[in-house]
file target.pdb (PDB, C-alpha atoms)
ATOM      1  CA  MET S   1      32.919  17.933  39.910
ATOM      2  CA  PHE S   2      31.424  20.468  37.518
ATOM      3  CA  ARG S   3      34.753  21.191  35.954
ATOM      4  CA  ASN S   4      34.220  18.425  33.420
ATOM      5  CA  LYS S   5      30.510  18.872  33.032
ATOM      6  CA  PRO S   6      29.916  18.223  29.350
ATOM      7  CA  ASN S   7      28.347  20.744  27.064
ATOM      8  CA  LEU S   8      25.130  19.071  25.928
ATOM      9  CA  ALA S   9      25.551  20.384  22.424
ATOM     10  CA  THR S  10      28.551  18.158  21.915
ATOM     11  CA  PHE S  11      26.453  15.073  22.674
ATOM     12  CA  VAL S  12      24.100  15.322  19.754
ATOM     13  CA  PRO S  13      26.742  15.400  17.039
ATOM     14  CA  VAL S  14      25.816  14.845  13.406
ATOM     15  CA  SER S  15      28.061  11.821  13.208
ATOM     16  CA  ARG S  16      28.525  10.029  16.442
ATOM     17  CA  PRO S  17      31.856   8.338  17.178
ATOM     18  CA  LYS S  18      31.728   4.609  16.446
ATOM     19  CA  SER S  19      33.394   3.788  19.732
ATOM     20  CA  ASN S  20      30.574   5.244  21.797
ATOM     21  CA  THR S  21      28.827   2.171  23.114
ATOM     22  CA  TYR S  22      25.973   4.190  24.591
ATOM     23  CA  THR S  23      24.925   5.870  21.373
ATOM     24  CA  ASP S  24      25.440   2.693  19.368
ATOM     25  CA  ALA S  25      23.269   0.718  21.734
ATOM     26  CA  PHE S  26      20.487   3.268  21.598
ATOM     27  CA  ARG S  27      20.693   3.723  17.874
ATOM     28  CA  MET S  28      20.307   0.006  17.283
ATOM     29  CA  THR S  29      17.354  -0.208  19.607
ATOM     30  CA  LYS S  30      15.662   2.607  17.786
ATOM     31  CA  ASN S  31      16.345   1.077  14.388
ATOM     32  CA  ASP S  32      15.072  -2.274  15.583
ATOM     33  CA  ARG S  33      11.966  -0.610  16.861
ATOM     34  CA  THR S  34      11.432   1.240  13.607
ATOM     35  CA  SER S  35      11.756  -1.891  11.499
ATOM     36  CA  SER S  36       9.440  -3.790  13.827
ATOM     37  CA  VAL S  37       6.797  -1.074  13.394
ATOM     38  CA  MET S  38       7.291  -1.127   9.626
ATOM     39  CA  ARG S  39       6.901  -4.904   9.601
ATOM     40  CA  GLN S  40       3.643  -4.527  11.517
ATOM     41  CA  ILE S  41       2.445  -1.931   9.013
ATOM     42  CA  ASP S  42       3.224  -4.191   6.046
ATOM     43  CA  GLU S  43       1.640  -7.155   7.789
ATOM     44  CA  ASN S  44      -1.547  -5.138   8.265
ATOM     45  CA  LEU S  45      -1.483  -3.998   4.646
ATOM     46  CA  ARG S  46      -1.254  -7.588   3.479
ATOM     47  CA  ARG S  47      -4.131  -8.629   5.746
ATOM     48  CA  VAL S  48      -6.387  -5.811   4.567
ATOM     49  CA  TYR S  49      -5.574  -6.607   0.952
ATOM     50  CA  LYS S  50      -6.039 -10.341   1.451
ATOM     51  CA  ASP S  51      -9.422  -9.829   3.116
ATOM     52  CA  GLU S  52     -10.526  -7.531   0.331
ATOM     53  CA  GLN S  53      -9.246  -9.834  -2.364
ATOM     54  CA  ALA S  54     -10.962 -12.864  -0.842
ATOM     55  CA  LYS S  55     -14.409 -11.267  -1.063
ATOM     56  CA  GLU S  56     -16.753 -13.067  -3.378
ATOM     57  CA  VAL S  57     -16.805 -11.593  -6.847
ATOM     58  CA  PRO S  58     -20.306 -10.281  -7.621
ATOM     59  CA  ASP S  59     -22.187 -11.889 -10.509
ATOM     60  CA  ARG S  60     -22.072  -8.654 -12.469
ATOM     61  CA  PHE S  61     -18.422  -9.360 -13.295
ATOM     62  CA  LYS S  62     -18.949 -12.946 -14.325
ATOM     63  CA  ASP S  63     -21.865 -11.760 -16.472
ATOM     64  CA  LEU S  64     -19.692  -9.061 -17.957
ATOM     65  CA  LEU S  65     -16.971 -11.540 -18.905
ATOM     66  CA  GLN S  66     -19.574 -13.834 -20.444
ATOM     67  CA  ARG S  67     -21.065 -10.937 -22.448
ATOM     68  CA  LEU S  68     -17.632  -9.957 -23.756
ATOM     69  CA  LYS S  69     -16.915 -13.546 -24.741
ATOM     70  CA  ASP S  70     -20.248 -13.923 -26.509
ATOM     71  CA  ARG S  71     -19.710 -10.676 -28.383
ATOM     72  CA  ASP S  72     -16.298 -11.867 -29.599
ATOM     73  CA  GLY S  73     -17.888 -15.126 -30.685
ATOM     74  CA  ASP S  74     -20.537 -13.271 -32.702
ATOM     75  CA  ALA S  75     -17.888 -11.099 -34.312
ATOM     76  CA  ARG S  76     -15.983 -14.152 -35.489
ATOM     77  CA  ASP S  77     -19.141 -15.745 -36.880
ATOM     78  CA  ASP S  78     -19.806 -12.744 -39.092
TER      79      ASP S  78
ATOM     80  CA  MET O   1      -3.263 -19.426 -29.752
ATOM     81  CA  THR O   2       0.012 -21.222 -29.779
ATOM     82  CA  ASP O   3      -0.495 -22.333 -26.459
ATOM     83  CA  GLU O   4       2.368 -22.294 -24.243
ATOM     84  CA  PHE O   5       0.244 -19.590 -22.628
ATOM     85  CA  ARG O   6      -3.428 -19.634 -21.827
ATOM     86  CA  ASP O   7      -5.573 -17.027 -23.470
ATOM     87  CA  PRO O   8      -5.300 -14.146 -20.989
ATOM     88  CA  ARG O   9      -9.041 -13.557 -21.445
ATOM     89  CA  ASP O  10      -9.638 -16.827 -19.654
ATOM     90  CA  GLU O  11      -7.468 -15.685 -16.775
ATOM     91  CA  LEU O  12      -9.290 -12.438 -16.050
ATOM     92  CA  LEU O  13     -11.595 -14.128 -13.575
ATOM     93  CA  ASP O  14      -8.589 -15.091 -11.435
ATOM     94  CA  HIS O  15      -7.575 -11.450 -11.107
ATOM     95  CA  LEU O  16     -10.978  -9.972 -10.284
ATOM     96  CA  GLY O  17     -10.461 -10.238  -6.525
ATOM     97  CA  ALA O  18      -7.138  -8.430  -6.732
ATOM     98  CA  LEU O  19      -8.563  -5.795  -9.062
ATOM     99  CA  ARG O  20     -11.436  -5.158  -6.679
ATOM    100  CA  ALA O  21      -9.055  -4.861  -3.726
ATOM    101  CA  PHE O  22      -6.833  -2.415  -5.602
ATOM    102  CA  ALA O  23      -9.869  -0.456  -6.838
ATOM    103  CA  MET O  24     -11.199  -0.238  -3.302
ATOM    104  CA  SER O  25      -7.917   1.194  -2.081
ATOM    105  CA  LEU O  26      -7.923   3.769  -4.857
ATOM    106  CA  THR O  27     -11.554   4.866  -4.663
ATOM    107  CA  ARG O  28     -12.319   4.121  -0.991
ATOM    108  CA  ASN O  29     -15.899   3.516  -2.040
ATOM    109  CA  SER O  30     -17.259   0.128  -3.000
ATOM    110  CA  ALA O  31     -19.705   1.303  -5.690
ATOM    111  CA  ALA O  32     -17.031   3.426  -7.355
ATOM    112  CA  ALA O  33     -14.565   0.553  -6.981
ATOM    113  CA  ASP O  34     -16.810  -1.870  -8.839
ATOM    114  CA  ASP O  35     -17.469   0.668 -11.606
ATOM    115  CA  LEU O  36     -13.717   1.085 -11.924
ATOM    116  CA  VAL O  37     -13.203  -2.673 -12.131
ATOM    117  CA  GLN O  38     -15.844  -2.944 -14.856
ATOM    118  CA  ASP O  39     -14.154  -0.153 -16.774
ATOM    119  CA  THR O  40     -10.813  -1.923 -16.349
ATOM    120  CA  ILE O  41     -12.103  -5.253 -17.651
ATOM    121  CA  GLU O  42     -13.704  -3.655 -20.690
ATOM    122  CA  LYS O  43     -10.524  -1.736 -21.511
ATOM    123  CA  ALA O  44      -8.356  -4.804 -20.964
ATOM    124  CA  TRP O  45     -10.575  -6.895 -23.195
ATOM    125  CA  LYS O  46     -10.464  -4.323 -25.971
ATOM    126  CA  ASN O  47      -6.678  -4.046 -25.759
ATOM    127  CA  MET O  48      -5.861  -7.669 -25.148
ATOM    128  CA  ASP O  49      -3.785  -7.850 -28.332
ATOM    129  CA  LYS O  50      -1.366  -5.402 -26.684
ATOM    130  CA  PHE O  51      -0.712  -7.735 -23.781
ATOM    131  CA  GLN O  52       2.501  -9.726 -24.165
ATOM    132  CA  PRO O  53       1.912 -13.354 -23.227
ATOM    133  CA  GLY O  54       4.273 -14.533 -20.549
ATOM    134  CA  THR O  55       4.513 -11.142 -18.872
ATOM    135  CA  ASN O  56       2.722 -10.275 -15.655
ATOM    136  CA  LEU O  57      -0.977 -10.051 -16.443
ATOM    137  CA  ARG O  58      -1.865  -8.704 -13.015
ATOM    138  CA  ALA O  59       0.634  -5.865 -13.346
ATOM    139  CA  TRP O  60      -0.794  -5.077 -16.772
ATOM    140  CA  LEU O  61      -4.351  -5.027 -15.419
ATOM    141  CA  PHE O  62      -3.364  -2.900 -12.417
ATOM    142  CA  THR O  63      -1.709  -0.414 -14.765
ATOM    143  CA  ILE O  64      -4.884  -0.135 -16.815
ATOM    144  CA  GLN O  65      -6.902   0.252 -13.657
ATOM    145  CA  ARG O  66      -4.820   3.025 -12.144
ATOM    146  CA  ASN O  67      -4.745   4.902 -15.444
ATOM    147  CA  ALA O  68      -8.528   4.598 -15.659
ATOM    148  CA  PHE O  69      -8.844   5.796 -12.080
ATOM    149  CA  TYR O  70      -6.735   8.909 -12.628
ATOM    150  CA  SER O  71      -8.413   9.664 -15.912
ATOM    151  CA  ILE O  72     -11.844   9.537 -14.240
ATOM    152  CA  ARG O  73     -10.438  11.606 -11.415
ATOM    153  CA  ARG O  74      -9.183  14.238 -13.829
ATOM    154  CA  LYS O  75     -12.495  14.369 -15.640
ATOM    155  CA  ALA O  76     -14.432  14.714 -12.449
ATOM    156  CA  LYS O  77     -12.171  17.602 -11.443
ATOM    157  CA  ARG O  78     -13.344  17.363  -7.941
ATOM    158  CA  GLU O  79     -11.921  15.184  -5.290
ATOM    159  CA  VAL O  80     -14.855  13.994  -3.269
ATOM    160  CA  ALA O  81     -13.639  10.657  -2.075
ATOM    161  CA  ASP O  82     -16.394   9.103  -0.034
ATOM    162  CA  VAL O  83     -14.250   8.601   3.018
ATOM    163  CA  ASP O  84     -17.287   8.842   5.276
ATOM    164  CA  GLY O  85     -19.135   6.206   3.311
ATOM    165  CA  ALA O  86     -16.218   3.826   3.353
ATOM    166  CA  MET O  87     -15.718   4.390   7.044
ATOM    167  CA  ALA O  88     -19.379   3.800   7.810
ATOM    168  CA  ALA O  89     -19.192   0.550   5.868
ATOM    169  CA  SER O  90     -16.197  -0.691   7.779
ATOM    170  CA  LEU O  91     -17.729   0.337  11.098
ATOM    171  CA  SER O  92     -20.948  -1.483  10.375
ATOM    172  CA  GLU O  93     -19.091  -4.733   9.845
ATOM    173  CA  LYS O  94     -19.510  -6.863  12.895
ATOM    174  CA  PRO O  95     -16.109  -7.180  14.544
ATOM    175  CA  ALA O  96     -15.037 -10.800  14.637
ATOM    176  CA  HIS O  97     -12.433 -10.394  17.358
ATOM    177  CA  ASP O  98      -9.958  -7.854  18.706
ATOM    178  CA  GLY O  99      -7.618  -8.350  15.793
ATOM    179  CA  ARG O 100     -10.381  -7.388  13.432
ATOM    180  CA  LEU O 101     -11.120  -4.250  15.414
ATOM    181  CA  ALA O 102      -7.500  -3.189  15.165
ATOM    182  CA  LEU O 103      -7.576  -3.942  11.465
ATOM    183  CA  ASN O 104     -10.572  -1.646  11.032
ATOM    184  CA  ASP O 105      -8.631   1.165  12.696
ATOM    185  CA  PHE O 106      -5.837   0.412  10.305
ATOM    186  CA  ARG O 107      -8.195   0.584   7.304
ATOM    187  CA  LYS O 108      -9.455   3.954   8.460
ATOM    188  CA  ALA O 109      -5.916   5.243   8.855
ATOM    189  CA  PHE O 110      -5.022   3.921   5.405
ATOM    190  CA  GLU O 111      -7.966   5.746   3.845
ATOM    191  CA  GLN O 112      -6.590   9.025   5.137
ATOM    192  CA  LEU O 113      -3.348   8.738   3.183
ATOM    193  CA  PRO O 114      -2.898  10.708  -0.045
ATOM    194  CA  ASP O 115      -3.662   8.834  -3.299
ATOM    195  CA  GLU O 116      -0.057   8.300  -4.287
ATOM    196  CA  GLN O 117       0.928   6.868  -0.910
ATOM    197  CA  ARG O 118      -2.058   4.492  -0.801
ATOM    198  CA  GLU O 119      -1.247   3.382  -4.294
ATOM    199  CA  ALA O 120       2.450   2.777  -3.572
ATOM    200  CA  LEU O 121       1.667   0.872  -0.388
ATOM    201  CA  MET O 122      -0.977  -1.219  -2.099
ATOM    202  CA  LEU O 123       1.437  -2.201  -4.828
ATOM    203  CA  VAL O 124       4.593  -2.895  -2.843
ATOM    204  CA  GLY O 125       3.374  -3.408   0.710
ATOM    205  CA  ALA O 126       0.176  -5.369   0.116
ATOM    206  CA  SER O 127       0.271  -6.945  -3.349
ATOM    207  CA  GLY O 128       3.938  -7.824  -3.227
ATOM    208  CA  PHE O 129       5.103  -6.137  -6.422
ATOM    209  CA  ALA O 130       8.782  -5.197  -6.556
ATOM    210  CA  TYR O 131       9.589  -1.492  -6.289
ATOM    211  CA  GLU O 132      10.781  -1.641  -9.892
ATOM    212  CA  GLU O 133       7.485  -3.127 -11.086
ATOM    213  CA  ALA O 134       5.450  -0.588  -9.133
ATOM    214  CA  ALA O 135       7.568   2.239 -10.530
ATOM    215  CA  GLU O 136       6.931   1.057 -14.055
ATOM    216  CA  MET O 137       3.212   0.676 -13.411
ATOM    217  CA  CYS O 138       2.982   4.210 -12.055
ATOM    218  CA  GLY O 139       5.338   5.700 -14.621
ATOM    219  CA  VAL O 140       7.701   7.167 -12.030
ATOM    220  CA  ALA O 141      11.240   6.532 -10.781
ATOM    221  CA  VAL O 142      11.945   3.668  -8.372
ATOM    222  CA  GLY O 143      13.118   6.172  -5.759
ATOM    223  CA  THR O 144       9.793   7.976  -6.001
ATOM    224  CA  ILE O 145       7.859   4.794  -5.237
ATOM    225  CA  LYS O 146      10.188   4.004  -2.337
ATOM    226  CA  SER O 147       9.773   7.429  -0.844
ATOM    227  CA  ARG O 148       5.985   7.386  -1.300
ATOM    228  CA  ALA O 149       5.746   3.967   0.335
ATOM    229  CA  ASN O 150       7.982   4.973   3.224
ATOM    230  CA  ARG O 151       6.148   8.220   3.808
ATOM    231  CA  GLY O 152       2.917   6.242   3.814
ATOM    232  CA  ARG O 153       4.293   3.722   6.303
ATOM    233  CA  ARG O 154       5.501   6.462   8.617
ATOM    234  CA  ARG O 155       2.162   8.256   8.440
ATOM    235  CA  LEU O 156       0.299   5.024   9.181
ATOM    236  CA  ALA O 157       2.557   4.400  12.160
ATOM    237  CA  GLU O 158       1.746   7.888  13.436
ATOM    238  CA  LEU O 159      -1.983   7.465  12.925
ATOM    239  CA  MET O 160      -1.895   4.099  14.678
ATOM    240  CA  GLY O 161       0.112   5.496  17.587
ATOM    241  CA  LEU O 162       3.106   3.362  16.659
ATOM    242  CA  ASP O 163       5.484   6.169  15.814
ATOM    243  CA  PRO O 164       8.969   4.895  16.650
ATOM    244  CA  ASN O 165      10.186   8.461  17.087
ATOM    245  CA  GLU O 166       7.793   9.133  19.910
ATOM    246  CA  ASP O 167       8.899   6.417  22.245
ATOM    247  CA  PRO O 168       9.167   7.952  25.707
ATOM    248  CA  VAL O 169      11.907   5.569  26.868
ATOM    249  CA  ILE O 170      14.208   5.512  23.896
ATOM    250  CA  GLY O 171      13.830   9.128  22.842
ATOM    251  CA  ASP O 172      16.851  11.366  22.271
ATOM    252  CA  THR O 173      16.222  13.327  25.448
ATOM    253  CA  THR O 174      16.549  10.268  27.626
ATOM    254  CA  ASN O 175      19.467   9.161  25.558
ATOM    255  CA  THR O 176      21.284  12.438  26.148
ATOM    256  CA  SER O 177      20.556  12.582  29.857
ATOM    257  CA  VAL O 178      21.790   9.037  30.373
ATOM    258  CA  MET O 179      25.035   9.951  28.689
ATOM    259  CA  THR O 180      25.271  13.147  30.666
ATOM    260  CA  ALA O 181      24.796  11.287  33.916
ATOM    261  CA  SER O 182      27.437   8.733  33.097
ATOM    262  CA  LEU O 183      29.912  11.349  32.019
ATOM    263  CA  SER O 184      29.222  13.471  35.064
ATOM    264  CA  ARG O 185      30.089  10.532  37.237
ATOM    265  CA  GLN O 186      33.436  10.301  35.562
ATOM    266  CA  GLY O 187      34.075  13.999  36.261
TER     267      GLY O 187
END

call {"tool": "encode", "arguments": {"input": "target.pdb", "output": "structure tokens"}}
result
Amino acid sequence: MFRNKPNLATFVPVSRPKSNTYTDAFRMTKNDRTSSVMRQIDENLRRVYKDEQAKEVPDRFKDLLQRLKDRDGDARDD
Amino acid sequence: MTDEFRDPRDELLDHLGALRAFAMSLTRNSAAADDLVQDTIEKAWKNMDKFQPGTNLRAWLFTIQRNAFYSIRRKAKREVADVDGAMAASLSEKPAHDGRLALNDFRKAFEQLPDEQREALMLVGASGFAYEEAAEMCGVAVGTIKSRANRGRRRLAELMGLDPNEDPVIGDTTNTSVMTASLSRQG
């Protein structure tokens, strides 16, 4: 029974054989899991950004734009 | 104006929300963020003749903003990002529901990332710029932006306890022992 006991080192090869259904199955699961996590991360990023972006713009910025516009207007009048 | 395009000055208002969001992610402090946005608008206004009508105004504004941010950062010579202040602000927000609570954790995790990773993720992950656009805005190679964004994503996953490499069921150890068992049976 132990005659064919595999050497563990041979089962974490750098490139796994394509025909190995076990490793292929696990690798896919792991990749799927990784991309699902990354999708969640990006989804959260978009939500945080959207929330932040949707905040009301304080008057100081509208005032600033108006001031800049008025200044340009004055410059042209000169 | 010869008016296929609106005067970009009239469009600035439409980009203020995005500029504030990007500034917040860079500075992590709302007072500093608004100062940065003001600086950005003034610079953009002064240099409006350099903007090419028909190109992406938001990308142009973001570029000005990040350059302003790093130039202030260099002048200050000290990195004292008010992480505590930003955290306190997000904690004091009344949580609307569980989703919001999780989102606050996410914000806190995001604030811990290095500048360049936050920036890359803000540009490509959140704002939806292409890697190529983000690379141009940051003045680095496309591969650099990709690697910054991916490192940021991985770090966020870790901080949120979502690390795909730490799954107890699908880890390599289990993987190996399953194979060992099946092969032993054959033997």

call {"tool": "closest_residue", "arguments": {"input": "target.pdb", "among": "S:Gln40, S:Asp51, S:Thr34, S:Asp72", "to": "Asn104 of chain O", "atoms": "only C-alpha atoms"}}
result
S:Asp51

call {"tool": "residues_around", "arguments": {"input": "target.pdb", "residues": "segment 43-46 of chain S", "least_positions_apart": "4", "cutoff": "8 Å", "atoms": "only C-alpha atoms", "output": "number ranges by chain"}}
result
S: 39, 50; O: 103, 106, 121-122, 125-127

call {"tool": "resolve_selection", "arguments": {"input": "target.pdb", "expression": "the PyMOL selection byres ((chain S and resi 54) around 12)", "output": "PyMOL selection string"}}
result
(chain S and resi 46-53+55-58) or (chain O and resi 14-21)

call {"tool": "axis_aligned_box", "arguments": {"input": "target.pdb", "around": "segment 32-35 of chain O", "padding_each_side": "6 Å", "output": "AutoDock Vina command-line options"}}
result
--center_x -16.0 --center_y 0.8 --center_z -9.3 --size_x 14.9 --size_y 17.3 --size_z 16.6

call {"tool": "atom_distance", "arguments": {"input": "target.pdb", "atom1": "atom CA of Leu156 of chain O", "atom2": "atom CA of Val37 of chain S"}}
result
9.9 Å

call {"tool": "resolve_selection", "arguments": {"input": "target.pdb", "expression": "the PyMOL selection byres ((chain O and resi 117) around 9)", "output": "list in words"}}
result
Leu113, Pro114, Asp115, Glu116, Arg118, Glu119, Ala120, Leu121, Met122, Ile145, Ser147, Arg148, Ala149, Asn150, Arg151, Gly152 and Arg153 of chain O

call {"tool": "atom_distance", "arguments": {"input": "target.pdb", "atom1": "atom CA of Met137 of chain O", "atom2": "atom CA of Ala23 of chain O"}}
result
14.7 Å

call {"tool": "atom_distance", "arguments": {"input": "target.pdb", "atom1": "atom CA of Leu159 of chain O", "atom2": "atom CA of Ala141 of chain O"}}
result
27.2 Å

call {"tool": "resolve_selection", "arguments": {"input": "target.pdb", "expression": "the PyMOL selection byres ((chain S and resi 64-71) around 9)", "output": "VMD selection string"}}
result
(chain S and resid 59 to 63 72 to 76) or (chain O and resid 9 12 to 13 38 41 to 42 45)

call {"tool": "build_atoms", "arguments": {"input": "target.pdb", "residues": "segment 47-77 of chain S", "atoms": "N, CA and C atoms", "output": "PDB file, keeping the file's coordinate frame"}}
result
ATOM      1  N   ARG S  47      -2.872  -8.057   5.236  1.00  0.00           N
ATOM      2  CA  ARG S  47      -4.131  -8.629   5.746  1.00  0.00           C
ATOM      3  C   ARG S  47      -5.342  -7.918   5.154  1.00  0.00           C
ATOM      4  N   VAL S  48      -5.269  -6.582   5.128  1.00  0.00           N
ATOM      5  CA  VAL S  48      -6.387  -5.811   4.567  1.00  0.00           C
ATOM      6  C   VAL S  48      -6.600  -6.196   3.107  1.00  0.00           C
ATOM      7  N   TYR S  49      -5.505  -6.279   2.376  1.00  0.00           N
ATOM      8  CA  TYR S  49      -5.574  -6.607   0.952  1.00  0.00           C
ATOM      9  C   TYR S  49      -6.106  -8.027   0.745  1.00  0.00           C
ATOM     10  N   LYS S  50      -5.611  -8.945   1.570  1.00  0.00           N
ATOM     11  CA  LYS S  50      -6.039 -10.341   1.451  1.00  0.00           C
ATOM     12  C   LYS S  50      -7.536 -10.481   1.732  1.00  0.00           C
ATOM     13  N   ASP S  51      -7.985  -9.813   2.790  1.00  0.00           N
ATOM     14  CA  ASP S  51      -9.422  -9.829   3.116  1.00  0.00           C
ATOM     15  C   ASP S  51     -10.246  -9.315   1.944  1.00  0.00           C
ATOM     16  N   GLU S  52      -9.785  -8.194   1.411  1.00  0.00           N
ATOM     17  CA  GLU S  52     -10.526  -7.531   0.331  1.00  0.00           C
ATOM     18  C   GLU S  52     -10.547  -8.422  -0.914  1.00  0.00           C
ATOM     19  N   GLN S  53      -9.402  -9.009  -1.170  1.00  0.00           N
ATOM     20  CA  GLN S  53      -9.246  -9.834  -2.364  1.00  0.00           C
ATOM     21  C   GLN S  53     -10.061 -11.117  -2.273  1.00  0.00           C
ATOM     22  N   ALA S  54     -10.270 -11.587  -1.039  1.00  0.00           N
ATOM     23  CA  ALA S  54     -10.962 -12.864  -0.842  1.00  0.00           C
ATOM     24  C   ALA S  54     -12.480 -12.719  -0.943  1.00  0.00           C
ATOM     25  N   LYS S  55     -12.955 -11.472  -0.985  1.00  0.00           N
ATOM     26  CA  LYS S  55     -14.409 -11.267  -1.063  1.00  0.00           C
ATOM     27  C   LYS S  55     -14.956 -11.882  -2.341  1.00  0.00           C
ATOM     28  N   GLU S  56     -16.153 -12.410  -2.221  1.00  0.00           N
ATOM     29  CA  GLU S  56     -16.753 -13.067  -3.378  1.00  0.00           C
ATOM     30  C   GLU S  56     -16.982 -12.058  -4.500  1.00  0.00           C
ATOM     31  N   VAL S  57     -16.639 -12.474  -5.689  1.00  0.00           N
ATOM     32  CA  VAL S  57     -16.805 -11.593  -6.847  1.00  0.00           C
ATOM     33  C   VAL S  57     -18.288 -11.565  -7.232  1.00  0.00           C
ATOM     34  N   PRO S  58     -18.878 -10.370  -7.287  1.00  0.00           N
ATOM     35  CA  PRO S  58     -20.306 -10.281  -7.621  1.00  0.00           C
ATOM     36  C   PRO S  58     -20.585 -10.821  -9.029  1.00  0.00           C
ATOM     37  N   ASP S  59     -21.810 -11.303  -9.220  1.00  0.00           N
ATOM     38  CA  ASP S  59     -22.187 -11.889 -10.509  1.00  0.00           C
ATOM     39  C   ASP S  59     -22.018 -10.909 -11.672  1.00  0.00           C
ATOM     40  N   ARG S  60     -22.134  -9.620 -11.363  1.00  0.00           N
ATOM     41  CA  ARG S  60     -22.072  -8.654 -12.469  1.00  0.00           C
ATOM     42  C   ARG S  60     -20.771  -8.808 -13.254  1.00  0.00           C
ATOM     43  N   PHE S  61     -19.705  -9.245 -12.580  1.00  0.00           N
ATOM     44  CA  PHE S  61     -18.422  -9.360 -13.295  1.00  0.00           C
ATOM     45  C   PHE S  61     -18.338 -10.648 -14.108  1.00  0.00           C
ATOM     46  N   LYS S  62     -18.915 -11.708 -13.552  1.00  0.00           N
ATOM     47  CA  LYS S  62     -18.949 -12.946 -14.325  1.00  0.00           C
ATOM     48  C   LYS S  62     -19.847 -12.758 -15.552  1.00  0.00           C
ATOM     49  N   ASP S  63     -20.958 -12.058 -15.351  1.00  0.00           N
ATOM     50  CA  ASP S  63     -21.865 -11.760 -16.472  1.00  0.00           C
ATOM     51  C   ASP S  63     -21.147 -10.923 -17.523  1.00  0.00           C
ATOM     52  N   LEU S  64     -20.416  -9.934 -17.031  1.00  0.00           N
ATOM     53  CA  LEU S  64     -19.692  -9.061 -17.957  1.00  0.00           C
ATOM     54  C   LEU S  64     -18.701  -9.850 -18.806  1.00  0.00           C
ATOM     55  N   LEU S  65     -17.939 -10.730 -18.160  1.00  0.00           N
ATOM     56  CA  LEU S  65     -16.971 -11.540 -18.905  1.00  0.00           C
ATOM     57  C   LEU S  65     -17.678 -12.421 -19.938  1.00  0.00           C
ATOM     58  N   GLN S  66     -18.810 -12.984 -19.526  1.00  0.00           N
ATOM     59  CA  GLN S  66     -19.574 -13.834 -20.444  1.00  0.00           C
ATOM     60  C   GLN S  66     -20.064 -13.023 -21.645  1.00  0.00           C
ATOM     61  N   ARG S  67     -20.566 -11.813 -21.376  1.00  0.00           N
ATOM     62  CA  ARG S  67     -21.065 -10.937 -22.448  1.00  0.00           C
ATOM     63  C   ARG S  67     -19.950 -10.619 -23.446  1.00  0.00           C
ATOM     64  N   LEU S  68     -18.772 -10.303 -22.888  1.00  0.00           N
ATOM     65  CA  LEU S  68     -17.632  -9.957 -23.756  1.00  0.00           C
ATOM     66  C   LEU S  68     -17.239 -11.148 -24.619  1.00  0.00           C
ATOM     67  N   LYS S  69     -17.267 -12.335 -24.016  1.00  0.00           N
ATOM     68  CA  LYS S  69     -16.915 -13.546 -24.741  1.00  0.00           C
ATOM     69  C   LYS S  69     -17.914 -13.808 -25.868  1.00  0.00           C
ATOM     70  N   ASP S  70     -19.194 -13.687 -25.519  1.00  0.00           N
ATOM     71  CA  ASP S  70     -20.248 -13.923 -26.509  1.00  0.00           C
ATOM     72  C   ASP S  70     -20.122 -12.945 -27.678  1.00  0.00           C
ATOM     73  N   ARG S  71     -19.817 -11.703 -27.347  1.00  0.00           N
ATOM     74  CA  ARG S  71     -19.710 -10.676 -28.383  1.00  0.00           C
ATOM     75  C   ARG S  71     -18.565 -11.009 -29.344  1.00  0.00           C
ATOM     76  N   ASP S  72     -17.437 -11.461 -28.766  1.00  0.00           N
ATOM     77  CA  ASP S  72     -16.298 -11.867 -29.599  1.00  0.00           C
ATOM     78  C   ASP S  72     -16.693 -13.021 -30.511  1.00  0.00           C
ATOM     79  N   GLY S  73     -17.439 -13.967 -29.933  1.00  0.00           N
ATOM     80  CA  GLY S  73     -17.888 -15.126 -30.685  1.00  0.00           C
ATOM     81  C   GLY S  73     -18.735 -14.701 -31.876  1.00  0.00           C
ATOM     82  N   ASP S  74     -19.668 -13.775 -31.643  1.00  0.00           N
ATOM     83  CA  ASP S  74     -20.537 -13.271 -32.702  1.00  0.00           C
ATOM     84  C   ASP S  74     -19.714 -12.605 -33.790  1.00  0.00           C
ATOM     85  N   ALA S  75     -18.717 -11.838 -33.355  1.00  0.00           N
ATOM     86  CA  ALA S  75     -17.888 -11.099 -34.312  1.00  0.00           C
ATOM     87  C   ALA S  75     -17.154 -12.066 -35.248  1.00  0.00           C
ATOM     88  N   ARG S  76     -16.697 -13.177 -34.660  1.00  0.00           N
ATOM     89  CA  ARG S  76     -15.983 -14.152 -35.489  1.00  0.00           C
ATOM     90  C   ARG S  76     -16.919 -14.865 -36.468  1.00  0.00           C
ATOM     91  N   ASP S  77     -18.180 -15.058 -36.033  1.00  0.00           N
ATOM     92  CA  ASP S  77     -19.141 -15.745 -36.880  1.00  0.00           C
ATOM     93  C   ASP S  77     -19.504 -14.935 -38.112  1.00  0.00           C
TER      94      ASP S  77
END
